[in-house]
Amino acid sequence: MMEAPKTTAAARHALPYAPNVIAVASGKGGVGKTWFSITLVHALARRGERALLFDGDLGLANVDVQLGLYPASDLRRVVSGPASLKDATVEVKDAGFSVIAGRSGHGGLATMGPAQLDSLSRALMTVAPSYDRVVLDLGAGIDRTVRALTARAGINLVVINDEPTSMTDAYAFIKVTLQQRPDVDLRVVVNQAETQRDGERVYGAMRKACETFLKASPPLLGVVRRDSWVRDSIRRQTPLLSRNPNAPAAQDVEAIAARLLAVT
Ligand SMILES: Nc1ncnc2c1ncn2[C@@H]1O[C@H](COP(=O)(O)OP(=O)(O)OP(=O)(O)O)[C@@H](O)[C@H]1O
Ligand SMILES: [Mg+2]
């Protein structure tokens, strides 16, 4: 039987974090973190928040690809020295939010040394106070980079779907995150659900595992339905809320943004 999380040295010497940073993690890859992060930041901007999307997946950054952006500079150049955060910030036209992109096609920062990781965390902490909300799109897995960035976020969202590997990997993420910071604000988002009800069932299974083995019950923030408009908008490199704000998945993320603003 698995043990409940212990308070580790890391938790006792917790790093300062930015309350307005919303990290989006999943453990397993490909569950829709990047698409969800883009749509969430857009929904927050539509509610009048000054919102930034920060690409924390520098190994395989693809916020820029999903949005069809060609930033003059990027986080890779900020972390390695020559560019400023201002140079790397792009406004997404007609969507009302900003992006600090990694840059796809450069695997260069997939394995960051401690100095680079420190520089990346500092970039996030420096930029966060200039916005109402910062959505932080993380890479898959629970490696050092993911753990370090998660530690800086006021809210951690864990995106899951109904695949067993998504459940086990998300469970591992939740366990590690609770060890790192026992008082962390962790919430679950179920993506690619057939129906709202089906999503709630998937969440129920996740919560049961957390209650049994971790003595924790991360609340459900919301369910996003599987929707063919998602793939369509990614293919067109246009945010879903610009292309079709009435699409089922767009409506679901709008509801999640409203709930997020109500609880935080
Ligand atoms: N609600 C949804 N309905 C239909 N398809 C979806 C939905 N969410 C995500 N997808 C599909 O999942 C694919 C992967 O999404 P995305 O790249 O955002 O995942 P990711 O978790 O960021 O992946 P990685 O771990 O590689 O960074 C998308 O290309 C899209 O086709
Ligand atoms: Mg991604």
# chains A, B, ... in the order shown; residues from 1 in each chain; ligands from 1

call {"tool": "residues_near_ligand", "arguments": {"ligand": "ligand 1", "cutoff": "10 Å", "atoms": "only C-alpha atoms and all ligand atoms", "output": "mmCIF file with N, CA and C atoms, in the first residue's frame"}}
result
data_model
loop_
_atom_site.group_PDB
_atom_site.id
_atom_site.type_symbol
_atom_site.label_atom_id
_atom_site.label_comp_id
_atom_site.auth_asym_id
_atom_site.auth_seq_id
_atom_site.Cartn_x
_atom_site.Cartn_y
_atom_site.Cartn_z
ATOM 1 N N VAL A 24 -0.670 24.499 -15.414
ATOM 2 C CA VAL A 24 -1.480 23.442 -16.045
ATOM 3 C C VAL A 24 -0.564 22.240 -16.294
ATOM 4 N N ALA A 25 -0.799 21.175 -15.524
ATOM 5 C CA ALA A 25 0.054 19.984 -15.604
ATOM 6 C C ALA A 25 -0.825 18.769 -15.893
ATOM 7 N N SER A 26 -0.177 17.620 -16.108
ATOM 8 C CA SER A 26 -0.997 16.424 -16.366
ATOM 9 C C SER A 26 -0.295 15.119 -16.039
ATOM 10 N N GLY A 27 0.999 15.139 -15.864
ATOM 11 C CA GLY A 27 1.696 13.857 -15.834
ATOM 12 C C GLY A 27 1.812 13.342 -17.255
ATOM 13 N N LYS A 28 0.811 12.648 -17.742
ATOM 14 C CA LYS A 28 0.852 12.059 -19.089
ATOM 15 C C LYS A 28 0.829 13.142 -20.182
ATOM 16 N N GLY A 29 1.515 12.885 -21.269
ATOM 17 C CA GLY A 29 1.525 13.822 -22.395
ATOM 18 C C GLY A 29 0.278 13.673 -23.260
ATOM 19 N N GLY A 30 -0.002 14.732 -24.010
ATOM 20 C CA GLY A 30 -1.034 14.648 -25.046
ATOM 21 C C GLY A 30 -2.469 14.681 -24.560
ATOM 22 N N VAL A 31 -2.703 15.065 -23.293
ATOM 23 C CA VAL A 31 -4.097 15.079 -22.815
ATOM 24 C C VAL A 31 -4.808 16.394 -23.126
ATOM 25 N N GLY A 32 -4.046 17.387 -23.602
ATOM 26 C CA GLY A 32 -4.660 18.652 -24.012
ATOM 27 C C GLY A 32 -4.255 19.858 -23.177
ATOM 28 N N LYS A 33 -3.108 19.780 -22.481
ATOM 29 C CA LYS A 33 -2.649 20.902 -21.638
ATOM 30 C C LYS A 33 -2.476 22.185 -22.423
ATOM 31 N N THR A 34 -1.786 22.089 -23.565
ATOM 32 C CA THR A 34 -1.468 23.316 -24.306
ATOM 33 C C THR A 34 -2.750 23.925 -24.872
ATOM 34 N N TRP A 35 -3.596 23.083 -25.467
ATOM 35 C CA TRP A 35 -4.853 23.615 -25.999
ATOM 36 C C TRP A 35 -5.689 24.222 -24.869
ATOM 37 N N PHE A 36 -5.775 23.523 -23.739
ATOM 38 C CA PHE A 36 -6.581 24.018 -22.620
ATOM 39 C C PHE A 36 -5.994 25.326 -22.081
ATOM 40 N N SER A 37 -4.677 25.416 -21.962
ATOM 41 C CA SER A 37 -4.029 26.638 -21.438
ATOM 42 C C SER A 37 -4.358 27.835 -22.318
ATOM 43 N N ILE A 38 -4.275 27.627 -23.632
ATOM 44 C CA ILE A 38 -4.573 28.710 -24.580
ATOM 45 C C ILE A 38 -6.028 29.152 -24.428
ATOM 46 N N THR A 39 -6.925 28.192 -24.336
ATOM 47 C CA THR A 39 -8.351 28.515 -24.285
ATOM 48 C C THR A 39 -8.705 29.149 -22.940
ATOM 49 N N GLY A 56 5.804 27.011 -20.336
ATOM 50 C CA GLY A 56 6.795 26.372 -19.465
ATOM 51 C C GLY A 56 7.288 25.049 -20.008
ATOM 52 N N ASP A 57 6.899 24.710 -21.233
ATOM 53 C CA ASP A 57 7.328 23.451 -21.837
ATOM 54 C C ASP A 57 8.403 23.740 -22.873
ATOM 55 N N LEU A 58 9.606 24.046 -22.367
ATOM 56 C CA LEU A 58 10.638 24.466 -23.320
ATOM 57 C C LEU A 58 11.266 23.316 -24.077
ATOM 58 N N GLY A 59 11.004 22.101 -23.630
ATOM 59 C CA GLY A 59 11.536 20.948 -24.355
ATOM 60 C C GLY A 59 10.850 20.820 -25.705
ATOM 61 N N LEU A 60 9.542 20.855 -25.663
ATOM 62 C CA LEU A 60 8.763 20.692 -26.895
ATOM 63 C C LEU A 60 7.706 21.783 -26.959
ATOM 64 N N ALA A 61 8.149 23.018 -26.814
ATOM 65 C CA ALA A 61 7.216 24.141 -26.762
ATOM 66 C C ALA A 61 6.318 24.125 -27.986
ATOM 67 N N ASN A 62 5.020 24.262 -27.791
ATOM 68 C CA ASN A 62 4.198 24.412 -28.988
ATOM 69 C C ASN A 62 2.997 25.329 -28.852
ATOM 70 N N VAL A 63 3.041 26.207 -27.865
ATOM 71 C CA VAL A 63 2.047 27.277 -27.791
ATOM 72 C C VAL A 63 2.122 28.104 -29.080
ATOM 73 N N VAL A 65 3.068 27.257 -32.044
ATOM 74 C CA VAL A 65 2.527 26.558 -33.216
ATOM 75 C C VAL A 65 0.998 26.548 -33.181
ATOM 76 N N GLN A 66 0.432 26.235 -32.000
ATOM 77 C CA GLN A 66 -1.041 26.193 -31.931
ATOM 78 C C GLN A 66 -1.645 27.555 -32.248
ATOM 79 N N ASP A 137 1.719 26.866 -19.039
ATOM 80 C CA ASP A 137 1.569 25.571 -19.717
ATOM 81 C C ASP A 137 2.825 24.740 -19.450
ATOM 82 N N LEU A 138 2.645 23.600 -18.775
ATOM 83 C CA LEU A 138 3.809 22.783 -18.422
ATOM 84 C C LEU A 138 3.994 21.623 -19.393
ATOM 85 N N GLY A 139 5.173 21.044 -19.370
ATOM 86 C CA GLY A 139 5.434 19.862 -20.183
ATOM 87 C C GLY A 139 4.843 18.627 -19.516
ATOM 88 N N ALA A 140 4.888 17.513 -20.233
ATOM 89 C CA ALA A 140 4.439 16.248 -19.649
ATOM 90 C C ALA A 140 5.477 15.790 -18.623
ATOM 91 N N GLY A 141 5.071 14.830 -17.817
ATOM 92 C CA GLY A 141 6.021 14.256 -16.861
ATOM 93 C C GLY A 141 6.063 15.021 -15.551
ATOM 94 N N VAL A 159 -4.732 18.188 -15.518
ATOM 95 C CA VAL A 159 -5.645 17.786 -16.599
ATOM 96 C C VAL A 159 -5.564 16.270 -16.756
ATOM 97 N N ILE A 160 -6.742 15.633 -16.740
ATOM 98 C CA ILE A 160 -6.770 14.172 -16.924
ATOM 99 C C ILE A 160 -7.798 13.807 -17.993
ATOM 100 N N ASN A 161 -7.672 12.595 -18.516
ATOM 101 C CA ASN A 161 -8.765 12.036 -19.320
ATOM 102 C C ASN A 161 -9.039 10.621 -18.818
ATOM 103 N N VAL A 190 -11.091 17.536 -16.066
ATOM 104 C CA VAL A 190 -11.212 16.353 -16.924
ATOM 105 C C VAL A 190 -11.419 16.858 -18.348
ATOM 106 N N ASN A 191 -10.559 16.414 -19.257
ATOM 107 C CA ASN A 191 -10.660 16.832 -20.665
ATOM 108 C C ASN A 191 -11.066 15.639 -21.521
ATOM 109 N N GLN A 192 -11.555 15.940 -22.699
ATOM 110 C CA GLN A 192 -11.924 14.914 -23.685
ATOM 111 C C GLN A 192 -12.977 13.957 -23.135
ATOM 112 N N ALA A 193 -13.906 14.500 -22.342
ATOM 113 C CA ALA A 193 -14.966 13.659 -21.776
ATOM 114 C C ALA A 193 -16.095 13.519 -22.792
ATOM 115 N N GLU A 194 -16.738 12.351 -22.799
ATOM 116 C CA GLU A 194 -17.848 12.152 -23.736
ATOM 117 C C GLU A 194 -19.018 13.050 -23.354
ATOM 118 N N VAL A 223 -15.205 20.025 -16.256
ATOM 119 C CA VAL A 223 -15.114 18.981 -17.275
ATOM 120 C C VAL A 223 -15.170 19.656 -18.649
ATOM 121 N N VAL A 224 -14.304 19.238 -19.556
ATOM 122 C CA VAL A 224 -14.330 19.733 -20.937
ATOM 123 C C VAL A 224 -14.665 18.557 -21.847
ATOM 124 N N ARG A 225 -15.664 18.744 -22.667
ATOM 125 C CA ARG A 225 -16.084 17.643 -23.540
ATOM 126 C C ARG A 225 -15.177 17.475 -24.752
ATOM 127 N N ARG A 226 -15.108 16.254 -25.242
ATOM 128 C CA ARG A 226 -14.421 15.985 -26.513
ATOM 129 C C ARG A 226 -15.221 16.684 -27.605
ATOM 130 N N ASP A 227 -14.504 17.381 -28.494
ATOM 131 C CA ASP A 227 -15.197 18.250 -29.437
ATOM 132 C C ASP A 227 -14.342 18.364 -30.703
ATOM 133 N N SER A 228 -14.923 18.085 -31.857
ATOM 134 C CA SER A 228 -14.131 18.102 -33.096
ATOM 135 C C SER A 228 -13.685 19.526 -33.464
ATOM 136 N N TRP A 229 -14.308 20.546 -32.863
ATOM 137 C CA TRP A 229 -13.865 21.920 -33.117
ATOM 138 C C TRP A 229 -12.456 22.172 -32.561
ATOM 139 N N VAL A 230 -12.051 21.373 -31.571
ATOM 140 C CA VAL A 230 -10.719 21.584 -30.974
ATOM 141 C C VAL A 230 -9.644 21.317 -32.018
ATOM 142 N N ARG A 231 -9.747 20.163 -32.644
ATOM 143 C CA ARG A 231 -8.766 19.787 -33.665
ATOM 144 C C ARG A 231 -8.817 20.775 -34.841
ATOM 145 N N ASP A 232 -10.024 21.161 -35.202
ATOM 146 C CA ASP A 232 -10.193 22.104 -36.308
ATOM 147 C C ASP A 232 -9.469 23.425 -35.996
ATOM 148 N N SER A 233 -9.637 23.937 -34.777
ATOM 149 C CA SER A 233 -9.026 25.236 -34.464
ATOM 150 C C SER A 233 -7.507 25.113 -34.373
ATOM 151 N N ILE A 234 -7.013 23.965 -33.881
ATOM 152 C CA ILE A 234 -5.552 23.776 -33.814
ATOM 153 C C ILE A 234 -4.989 23.710 -35.235
ATOM 154 N N ARG A 235 -5.675 22.994 -36.096
ATOM 155 C CA ARG A 235 -5.191 22.884 -37.483
ATOM 156 C C ARG A 235 -5.139 24.242 -38.156
ATOM 157 N N PRO A 248 -18.916 23.267 -28.029
ATOM 158 C CA PRO A 248 -19.078 22.698 -26.682
ATOM 159 C C PRO A 248 -17.832 22.854 -25.793
ATOM 160 N N ALA A 249 -16.651 22.566 -26.345
ATOM 161 C CA ALA A 249 -15.429 22.649 -25.525
ATOM 162 C C ALA A 249 -15.130 24.102 -25.139
ATOM 163 N N ALA A 250 -15.466 25.043 -26.030
ATOM 164 C CA ALA A 250 -15.252 26.464 -25.730
ATOM 165 C C ALA A 250 -16.144 26.891 -24.560
ATOM 166 N N ASP A 252 -17.341 24.963 -22.268
ATOM 167 C CA ASP A 252 -16.874 24.306 -21.035
ATOM 168 C C ASP A 252 -15.703 25.078 -20.414
ATOM 169 N N VAL A 253 -14.791 25.555 -21.265
ATOM 170 C CA VAL A 253 -13.645 26.294 -20.717
ATOM 171 C C VAL A 253 -14.096 27.660 -20.202
#

call {"tool": "select_by_dssp", "arguments": {"residues": "stretch 45-222 of chain A", "states": "alpha helix (DSSP H)", "output": "PyMOL selection string"}}
result
chain A and resi 45-46+63-67+75-80+85-88+114-127+144-150+164-180+196-214

call {"tool": "closest_residue", "arguments": {"among": "A:Pro82, A:Gly222, A:Gly199, A:Gly102", "to": "ligand 2", "atoms": "only C-alpha atoms and all ligand atoms"}}
result
A:Gly102

call {"tool": "closest_residue", "arguments": {"among": "A:Asp55, A:Pro19, A:Ser119, A:Pro71", "to": "ligand 2", "atoms": "only C-alpha atoms and all ligand atoms"}}
result
A:Asp55

call {"tool": "closest_residue", "arguments": {"among": "A:Ala123, A:Ile22, A:Leu67, A:Ala72", "to": "A:Arg236", "atoms": "only C-alpha atoms"}}
result
A:Leu67

call {"tool": "closest_residue", "arguments": {"among": "A:Leu75, A:Phe54, A:Ala216, A:Val127", "to": "ligand 2", "atoms": "only C-alpha atoms and all ligand atoms"}}
result
A:Phe54

call {"tool": "closest_residue", "arguments": {"among": "A:Ala101, A:Leu69, A:Leu214, A:Gly154", "to": "ligand 2", "atoms": "only C-alpha atoms and all ligand atoms"}}
result
A:Ala101

call {"tool": "select_by_dssp", "arguments": {"residues": "stretch 103-157 of chain A", "states": "strand (DSSP E)", "output": "list in words"}}
result
Arg133, Val134, Val135, Leu136, Asp137, Ala153, Gly154, Ile155, Asn156 and Leu157 of chain A

call {"tool": "write_last_selection", "arguments": {"atoms": "C-alpha atoms", "output": "compact mmCIF listing (two decimals), in the first residue's frame"}}
result
# COMPACT_ATOMS: atom_id res chain seq x y z
CA ARG A 133 -3.54 36.08 -14.24
CA VAL A 134 -0.70 34.05 -15.71
CA VAL A 135 -1.46 30.64 -17.17
CA LEU A 136 1.60 28.40 -17.17
CA ASP A 137 1.57 25.57 -19.72
CA ALA A 153 2.20 28.62 -8.93
CA GLY A 154 -0.65 29.73 -6.69
CA ILE A 155 -3.01 27.21 -8.28
CA ASN A 156 -2.15 23.91 -9.91
CA LEU A 157 -4.58 22.39 -12.38

call {"tool": "closest_residue", "arguments": {"among": "A:Leu40, A:Leu15, A:Val21, A:Val99", "to": "A:Gln251", "atoms": "only C-alpha atoms"}}
result
A:Leu40

call {"tool": "residues_around", "arguments": {"residues": "A:Thr264", "least_positions_apart": "3", "cutoff": "9 Å", "atoms": "only C-alpha atoms", "output": "MDAnalysis selection string"}}
result
chainID A and resid 20 155 259:261

call {"tool": "write_last_selection", "arguments": {"atoms": "C-alpha atoms", "output": "JSON list (two decimals), in the first residue's frame"}}
result
[["chain", "number", "residue", "atom", "x", "y", "z"],
["A", 20, "ASN", "CA", -1.88, 34.66, -9.66],
["A", 155, "ILE", "CA", -3.01, 27.21, -8.28],
["A", 259, "ARG", "CA", -15.47, 29.30, -11.66],
["A", 260, "LEU", "CA", -11.76, 29.98, -11.31],
["A", 261, "LEU", "CA", -12.38, 33.70, -10.94]]

call {"tool": "residues_around", "arguments": {"residues": "A:Ala83", "least_positions_apart": "6", "cutoff": "9 Å", "atoms": "only C-alpha atoms", "output": "JSON, numbers by chain"}}
result
{"A": [73, 74, 75, 76, 77]}
